[in-house]
Structures are given as C-alpha cells and as structure tokens.
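Structure first, commentary second.
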Amino acid sequence: MNQIQAAFVWLNDPINWSGPNGILALTGEHLLMTALAVLLAAVVALPVGIVLGHVPGAERAASITVVLTNVSRALPTLALLTIFASTAIGFGNRPTILAAAIFALPVILANTYAGLRGVDADVRDAARGMGLSGWRVLGQVELPLALPLITAGLRTATVQVIATIPLAALVGGGGLGTIIVAGFGTQRYGQVLAGGVLVAALCLAVEGVLALAQRLLTPAPVLALQRS
Amino acid sequence: MREGSLAQMSPEAAANPWLSWSYVQDNAPEILGYLGQHAGLTLQAIVIAVVVAVPLAALAHTWPRLAGPIVGTTGVLYTIPSLALFAVVYPFLRDRRATVLLGLVLYALLLLVRNTLVGLATVDPAVRDAARGLGYGRWRLLFLVELPNALPSVMTGLRLAAVSTVALVTVGVVIGYGGLGQLMFRGFSSGYRAQIMTATLLCLALALVIDLLLYLLGRALTPWARSAGSR
C-alpha cells in the first residue's frame, strides 16, 4: 500500500512533469526515438520485402527472413545494446535506436513479404492479362492487397520498439526508462512503480491508437474483403 | 584512474578484444555461475508457464466465452515492456529472483496460450466426432483426444517462448538479477568487450541448446507425427 501511495505522491508532484527531465519531455523523447527506430527499420525492410514478394522465384532469398526472425528472437536486446554502446557508435540514445531498429526489421520484412506473397495468383494473372506492366501490377494490385499485413507488421514493430526503448536508460540514454532506472538506483520504489506504470500506459495507449489507425487507413474494399 | 595510467599501459593491456580465451579461463567459475542462474530461471519460468497456460487454454477452449478475456489479458500483459513489469512488481515482492521469474512467466503465457488454443481448435473434426461416437465425454475428449492432438502446436509455442525467455532474462539487469545480462552490463560499464561478447555468445548457445532439447522432447512425445511420414 505504501508503495502505491509513494507512486501517487511522485506522480502528483508537478516538478516531476515539467523541465528537461520531466515526464512530458521524456515521453516526447521516447516517442521520437521510437519513430526514428521504426523509420530506420522500415526504410530497409519495406523495399526488400516488396522486392522479395514481387519477384517470382525469390523464395530461396526469402528464407533469409525466417533466419533473421529466429536469430533476432534469441539475441538479447541488451547484448546488441551493450555491444553497440562499446563501439564508436557511443552510448546513449543512438545505440538504442539502432538496436531497436534492428529488432524491428525482421517483423516488418516478414509481414511485407507475406503480404505480397499472399496475393491470389489468379488476381495477379488477371492483372497481367489486362496488360498491366510489372510496376502497375505491384502498385495497383499487389500493394493494396498486401496493405493489411504490411500495416500489421509496422504496428507490431512499433509496439515492440516502444517497449525496447526503455532499455536506453541502462546505457546512459533518455526516454521514460530513465525514471525506472534512476528510481532503482536511489531505491525510491514509489518512483520505480510510477515509471513502470507510465511506460506500460504509453505502450498500451500507442497500441490502441495504432489499432484504430490501422482500421481507419485500410481501404474500404480491402476491409470488405477481409470480412467476407 | 584510467586516464592517468593510460600512458604507461603496454600495447597488450590497452588492446580490448571482443573475444578473449584468457578472460573465459580466468573467470570460468563466475561465468558458469551466471550461466547457471540464466538457465535455471529460463527452465523454471517455462515449466511454470506451461503449468498455467495449458489449463487456461483448455478452459478457454471448453468454454469459448472465456476465450476472449483470457487471450485479451495475456495479450495486454505481453504488450507491457519487461522493464516496466519488473518496475511494477519489484516494489511489492521485494525479491529479485521472484520478480524476474514472474515477469518471464507472464511473457511466456501469451505465446503458450495462443498456440495451445490454435492446436485445440484445429483438431480434425472427424477425429473429434469419432471419439464422441465412441462415447467420450467432454473431459475424456479433452485429455485423451484433443490435448494429445494439440501437442505439436503446444510444442511450437513452447519453443518460441523458451527462446524469447532466454533473451528476456537479461533485462533482469535493472534489478540486479539478469543472469548473463549481468556480465553484459558489467562489461559495458567497465568498457570490457570480451565480457559482453562472451555473455552474448553464451546466451545464443543456451537458446540453441534449449530449443534443440525441446525439439527432441516434442519428437519423443509425438511418435505418431513421425510415422505419418508426410514430410
């Protein structure tokens, strides 16, 4: 009970909300780092996934996706983070963004590939038969049909990244994780609890917003297709 | 201290290799200790997770009305970052090992519940019908027909969960109980690369070994899947 009270006291202190190390600034930093990491991963993963899914006969190259996904599951984020932080990349936010992007990459890649691959071969054939060029088949047929899976991949990746960013605090970076790590360091467990609740709330909120955005952004015909 | 002595350091001492066998030899007991802690936490977590998840999934399967809340709750728990979970749990438990363990179990739950449910739902309806025709009641159907048939799916979930758990243990660093993560973090703090790399490689090896053992266990538990010879 005592800890909950301490957490409430900490959360109710206006000093903890404002300023360069306040909750608002740290949340902003957290979201900015997340956006950068997802952007970085998407810039690499989307084109590769689209090419692998569009070009026929790329199945063998696509098995890279599976290997990448499996290795990324076994490799601890902390390992990559501390390795990066011990190189010229330096410690702080940079290694965290990079590590989070690397772990988000297989998620986006696998979903993009699966989305394009999953397009009905008959639909693709029909488009070709109507005289559509390779690019137009991709842009007007394959991509719209693959969109639900691609956005699902981006959403999963974003939620994963936002959950990874708190680790930045361990290597001298920013974001909401600093509240937790600083609390543990000073044994202020009310602050630790408050930080944990804030990070959890941010993750759940972003997950909710993205779920809503995904539904709103999916083209109506595709949505109808999913329902049927 | 480090800056002052830097000039006098021999080239050999200044070198900071990523791999160093002498580091491993000199610190073998400590490294093995953390490896043991890591493996112990992982195994304990997945055993507890199975004991909790399979009945939950069976419950959700038998009463579909419960499926939504059960999968939803485990999904929410999965979304919460491990660091935040440790931060929320530790002030109450005040026990490092128990906190990490609880976090690991909660994470493994989603993968296990989801895979068990999929396994139970995809049991061949003809098999289920045959069992009903033989007079199997709800529980005998569940234990003697559906769960054994769901076993391959459960094992897939278990392997996924185990490998993720090995990686996740390292986050326990934040409360000072992170198995091999402790070595990674100390290596980072003191700028000693060999320590980080050794711990990383051991983590990957541990994940690989546990995955292989679970694969073999799955094969031993489902002999019928092999004799079918479909693949």
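Here, A, B, ... name the chains of the structure tokens in the order displayed, residue numbers run from 1 inside each chain, and ligands are numbered from 1 in the same displayed order.
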Interface rows for chain B against chain A: nearest pair, Å to one decimal, 9 Å, only C-alpha atoms, as CSV:
```
residue,atom,partner,partner_atom,distance
B:Val76,CA,A:Leu204,CA,7.5
B:Thr79,CA,A:Leu204,CA,6.7
B:Ile80,CA,A:Ala200,CA,5.0
B:Pro81,CA,A:Ala163,CA,4.7
B:Ser82,CA,A:Ala163,CA,7.7
B:Leu83,CA,A:Pro166,CA,7.1
B:Ala84,CA,A:Gly196,CA,3.9
B:Leu85,CA,A:Gly196,CA,6.4
B:Phe86,CA,A:Gly196,CA,7.7
B:Ala87,CA,A:Gly196,CA,5.0
B:Val88,CA,A:Leu193,CA,4.7
B:Val89,CA,A:Leu193,CA,7.8
B:Tyr90,CA,A:Tyr189,CA,8.1
B:Pro91,CA,A:Tyr189,CA,5.5
B:Phe92,CA,A:Gln3,CA,7.4
B:Leu160,CA,A:Arg73,CA,8.2
B:Val163,CA,A:Ala74,CA,5.4
B:Ser164,CA,A:Arg73,CA,5.7
B:Thr165,CA,A:Ala74,CA,8.5
B:Val166,CA,A:Ala74,CA,7.0
B:Ala167,CA,A:Pro76,CA,4.2
B:Leu168,CA,A:Pro76,CA,6.5
B:Val169,CA,A:Pro76,CA,8.4
B:Thr170,CA,A:Leu78,CA,6.6
B:Val171,CA,A:Leu78,CA,6.8
B:Val173,CA,A:Leu170,CA,8.8
B:Val174,CA,A:Val181,CA,6.7
B:Ile175,CA,A:Phe184,CA,7.1
B:Gly181,CA,A:Leu78,CA,7.1
B:Met184,CA,A:Ala79,CA,6.4
B:Phe185,CA,A:Thr82,CA,6.8
B:Gly187,CA,A:Thr82,CA,8.0
B:Phe188,CA,A:Thr82,CA,5.6
B:Ser189,CA,A:Val171,CA,8.4
B:Gly191,CA,A:Ser86,CA,6.4
B:Tyr192,CA,A:Ser86,CA,8.2
B:Arg193,CA,A:Ser86,CA,7.0
B:Ile196,CA,A:Ile83,CA,6.7
B:Met197,CA,A:Ile83,CA,7.5
B:Ala199,CA,A:Ala79,CA,8.0
B:Thr200,CA,A:Ala79,CA,5.7
B:Leu201,CA,A:Leu75,CA,8.9
B:Cys203,CA,A:Leu75,CA,7.3
B:Leu204,CA,A:Ala74,CA,6.0
B:Ala207,CA,A:Ala74,CA,6.1
B:Leu208,CA,A:Ala74,CA,8.0
```
Q: Give the helix (DSSP H, G or I) residues of segment 18-228 of chain A, as assigned by DSSP on the backbone, as a ChimeraX atom specification.
A: /A:23-54,59-74,77-85,93-117,121-129,134-171,177-186,189-217,220-227
Q) What lies within 9 Å of Leu40 of chain A using only C-alpha atoms, ignoring chain neighbours under 6 positions off, as a list in words? A) Ile97, Leu98, Ala101, Ile102 and Leu105 of chain A
With C-alpha atoms kept, could you save the residues just selected as a PDB file, in the first residue's frame?
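Result written to out.pdb:
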```pdb
ATOM      1  CA  ILE A  97      17.616   3.457 -31.648  1.00  0.00           C
ATOM      2  CA  LEU A  98      19.899   1.313 -33.784  1.00  0.00           C
ATOM      3  CA  ALA A 101      15.551  -0.769 -35.415  1.00  0.00           C
ATOM      4  CA  ILE A 102      17.474  -3.997 -35.967  1.00  0.00           C
ATOM      5  CA  LEU A 105      13.449  -5.081 -39.130  1.00  0.00           C
TER       6      LEU A 105
END
```
Q.
Would you pick out the contacts of segment 54-65 of chain A at 7 Å or less, using only C-alpha atoms, so that residues sharing its chain but fewer than 5 positions from it are not included, and give the list as an MDAnalysis selection string?
A. chainID A and resid 106 109:110 116
Given the selection you just returned, output its residues as a file containing N, CA and C atoms, formatted as a PDB file, in the first residue's frame.
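This is the output file again.pdb:
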```
ATOM      1  N   PRO A 106      13.118  -7.527 -38.895  1.00  0.00           N
ATOM      2  CA  PRO A 106      12.543  -8.805 -39.347  1.00  0.00           C
ATOM      3  C   PRO A 106      11.023  -8.818 -39.293  1.00  0.00           C
ATOM      4  N   LEU A 109       9.828  -6.883 -42.340  1.00  0.00           N
ATOM      5  CA  LEU A 109      10.221  -7.639 -43.532  1.00  0.00           C
ATOM      6  C   LEU A 109       9.321  -8.860 -43.724  1.00  0.00           C
ATOM      7  N   ALA A 110       9.143  -9.636 -42.673  1.00  0.00           N
ATOM      8  CA  ALA A 110       8.363 -10.873 -42.771  1.00  0.00           C
ATOM      9  C   ALA A 110       6.924 -10.568 -43.167  1.00  0.00           C
ATOM     10  N   LEU A 116       2.740  -9.627 -49.787  1.00  0.00           N
ATOM     11  CA  LEU A 116       2.829  -9.666 -51.254  1.00  0.00           C
ATOM     12  C   LEU A 116       2.707 -11.082 -51.772  1.00  0.00           C
TER      13      LEU A 116
END
```
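If you count only C-alpha atoms and ignore residues fewer than 4 places along the chain from Ala211 of chain A, what sits within 12 Å of it is Pro148, Thr151, Ala152, Gly153, Leu154, Arg155, Thr156, Thr158, Val159, Leu204, Ala205, Val206, Glu207, Arg215, Leu216, Leu217 and Thr218 of chain A.
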Please produce an output containing all heavy atoms for each residue in the selection, written as a CSV table (one decimal), in the first residue's frame.
```csv
chain,number,residue,atom,x,y,z
A,148,PRO,N,-3.0,-4.7,-45.6
A,148,PRO,CA,-3.4,-5.0,-44.2
A,148,PRO,C,-2.2,-5.7,-43.5
A,148,PRO,O,-1.9,-5.4,-42.3
A,148,PRO,CB,-4.5,-6.0,-44.4
A,148,PRO,CG,-5.1,-5.7,-45.7
A,148,PRO,CD,-4.0,-5.2,-46.5
A,151,THR,N,0.7,-3.1,-42.8
A,151,THR,CA,0.4,-2.2,-41.7
A,151,THR,C,0.5,-3.0,-40.4
A,151,THR,O,0.9,-2.4,-39.4
A,151,THR,CB,-0.9,-1.5,-41.8
A,151,THR,OG1,-1.9,-2.4,-42.2
A,151,THR,CG2,-0.8,-0.4,-42.9
A,152,ALA,N,0.0,-4.2,-40.4
A,152,ALA,CA,0.1,-5.0,-39.2
A,152,ALA,C,1.5,-5.2,-38.7
A,152,ALA,O,1.9,-5.1,-37.6
A,152,ALA,CB,-0.6,-6.4,-39.4
A,153,GLY,N,2.4,-5.4,-39.7
A,153,GLY,CA,3.9,-5.5,-39.4
A,153,GLY,C,4.4,-4.2,-38.8
A,153,GLY,O,5.1,-4.3,-37.8
A,154,LEU,N,4.0,-3.1,-39.4
A,154,LEU,CA,4.5,-1.8,-38.9
A,154,LEU,C,4.0,-1.6,-37.4
A,154,LEU,O,4.7,-1.1,-36.6
A,154,LEU,CB,4.1,-0.7,-39.8
A,154,LEU,CG,4.8,-0.6,-41.1
A,154,LEU,CD1,4.1,0.4,-42.0
A,154,LEU,CD2,6.3,-0.2,-40.9
A,155,ARG,N,2.8,-2.0,-37.2
A,155,ARG,CA,2.1,-1.8,-35.9
A,155,ARG,C,2.9,-2.7,-34.9
A,155,ARG,O,3.3,-2.2,-33.8
A,155,ARG,CB,0.7,-2.2,-36.0
A,155,ARG,CG,-0.1,-2.1,-34.7
A,155,ARG,CD,-1.5,-2.4,-34.9
A,155,ARG,NE,-2.0,-3.1,-33.7
A,155,ARG,CZ,-3.2,-3.8,-33.7
A,155,ARG,NH1,-3.8,-4.0,-34.8
A,155,ARG,NH2,-3.6,-4.4,-32.6
A,156,THR,N,3.0,-3.9,-35.2
A,156,THR,CA,3.7,-4.8,-34.2
A,156,THR,C,5.1,-4.3,-34.0
A,156,THR,O,5.6,-4.3,-32.8
A,156,THR,CB,3.8,-6.3,-34.8
A,156,THR,OG1,2.6,-6.6,-35.3
A,156,THR,CG2,4.3,-7.2,-33.8
A,158,THR,N,6.2,-1.2,-34.2
A,158,THR,CA,6.2,0.0,-33.4
A,158,THR,C,6.0,-0.3,-31.9
A,158,THR,O,6.7,0.2,-31.0
A,158,THR,CB,5.1,0.9,-33.8
A,158,THR,OG1,5.2,1.1,-35.2
A,158,THR,CG2,5.2,2.2,-33.1
A,159,VAL,N,5.1,-1.2,-31.6
A,159,VAL,CA,4.8,-1.6,-30.2
A,159,VAL,C,6.0,-2.3,-29.6
A,159,VAL,O,6.4,-2.0,-28.5
A,159,VAL,CB,3.6,-2.5,-30.1
A,159,VAL,CG1,3.4,-3.0,-28.7
A,159,VAL,CG2,2.3,-1.8,-30.6
A,204,LEU,N,0.4,0.7,-24.0
A,204,LEU,CA,-0.9,0.3,-24.3
A,204,LEU,C,-1.7,1.3,-25.1
A,204,LEU,O,-2.5,1.0,-26.0
A,204,LEU,CB,-1.7,0.0,-22.9
A,204,LEU,CG,-1.1,-1.3,-22.2
A,204,LEU,CD1,-1.8,-1.4,-20.8
A,204,LEU,CD2,-1.4,-2.5,-23.0
A,205,ALA,N,-1.4,2.6,-24.7
A,205,ALA,CA,-2.1,3.7,-25.5
A,205,ALA,C,-1.7,3.7,-26.9
A,205,ALA,O,-2.5,3.8,-27.8
A,205,ALA,CB,-1.7,5.0,-24.8
A,206,VAL,N,-0.4,3.5,-27.2
A,206,VAL,CA,0.1,3.6,-28.6
A,206,VAL,C,-0.5,2.4,-29.3
A,206,VAL,O,-0.9,2.5,-30.5
A,206,VAL,CB,1.7,3.6,-28.6
A,206,VAL,CG1,2.2,3.3,-30.0
A,206,VAL,CG2,2.2,4.9,-28.1
A,207,GLU,N,-0.5,1.2,-28.7
A,207,GLU,CA,-1.1,0.0,-29.3
A,207,GLU,C,-2.5,0.3,-29.7
A,207,GLU,O,-3.0,-0.1,-30.8
A,207,GLU,CB,-0.9,-1.2,-28.3
A,207,GLU,CG,-1.9,-2.4,-28.6
A,207,GLU,CD,-1.4,-3.3,-29.7
A,207,GLU,OE1,-0.5,-2.9,-30.4
A,207,GLU,OE2,-1.9,-4.4,-29.8
A,215,ARG,N,-7.3,0.4,-38.7
A,215,ARG,CA,-8.7,0.2,-39.2
A,215,ARG,C,-9.1,1.3,-40.1
A,215,ARG,O,-9.7,1.1,-41.1
A,215,ARG,CB,-9.6,0.0,-38.0
A,215,ARG,CG,-11.0,-0.3,-38.5
A,215,ARG,CD,-11.9,-0.8,-37.4
A,215,ARG,NE,-11.5,-2.0,-36.8
A,215,ARG,CZ,-12.0,-2.6,-35.7
A,215,ARG,NH1,-13.1,-2.0,-35.2
A,215,ARG,NH2,-11.6,-3.7,-35.2
A,216,LEU,N,-8.8,2.5,-39.7
A,216,LEU,CA,-9.2,3.7,-40.5
A,216,LEU,C,-8.5,3.8,-41.8
A,216,LEU,O,-9.0,4.3,-42.8
A,216,LEU,CB,-9.0,5.0,-39.6
A,216,LEU,CG,-9.8,5.2,-38.4
A,216,LEU,CD1,-9.5,6.5,-37.7
A,216,LEU,CD2,-11.3,5.2,-38.8
A,217,LEU,N,-7.2,3.4,-41.8
A,217,LEU,CA,-6.4,3.5,-43.0
A,217,LEU,C,-6.6,2.4,-44.1
A,217,LEU,O,-6.2,2.6,-45.2
A,217,LEU,CB,-4.9,3.6,-42.7
A,217,LEU,CG,-4.5,4.9,-42.0
A,217,LEU,CD1,-3.0,4.9,-41.6
A,217,LEU,CD2,-4.8,6.1,-42.9
A,218,THR,N,-7.1,1.3,-43.6
A,218,THR,CA,-7.3,0.2,-44.5
A,218,THR,C,-8.4,0.6,-45.5
A,218,THR,O,-9.5,1.0,-45.1
A,218,THR,CB,-7.8,-1.1,-43.8
A,218,THR,OG1,-6.8,-1.3,-42.8
A,218,THR,CG2,-7.8,-2.3,-44.7
```
Q: List the neighbours of segment 28-43 of chain B out to 9 Å using only C-alpha atoms; skip same-chain residues closer than 3 positions along the sequence, and give me the result as a VMD selection string.
A: chain B and resid 23 to 25 46 to 48 97 100 to 101 104 162 to 163 165 to 166 169 to 170 177 to 183 198 to 199 202 to 203 206 210
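For the pair atom CA of Leu132 of chain A and atom CA of Arg117 of chain A, the separation is 18.3 Å.
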Q.
So that I can see what lies close to Val145 of chain B, please list as a ChimeraX atom specification the residues with an atom at most 12 Å from it, counting only C-alpha atoms and leaving out residues fewer than 2 positions away in the same chain.
A. /B:119-120,123-132,134,136-143,147-151
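Using only C-alpha atoms for every distance, the candidate list A:Trp135, A:Trp10, A:Trp17, A:Tyr113 yields A:Tyr113 as the residue closest to Val66 of chain A.
The coordinates place atom CA of Gly68 of chain B at 23.1 Å from atom CA of Pro152 of chain B.
Note that the spacing between atom CA of Gly175 of chain A and atom CA of Ala25 of chain A amounts to 8.3 Å.
Each of B:Thr122, B:Asp95, B:Leu216, B:Val154 was checked against Val54 of chain B using only C-alpha atoms; the smallest atom-to-atom distance is that of B:Val154.
Among A:Pro14, A:Gly115, A:Gly28, A:Pro20, the residue with the shortest atom-to-atom distance to Val51 of chain A, counting only C-alpha atoms, is A:Gly115.
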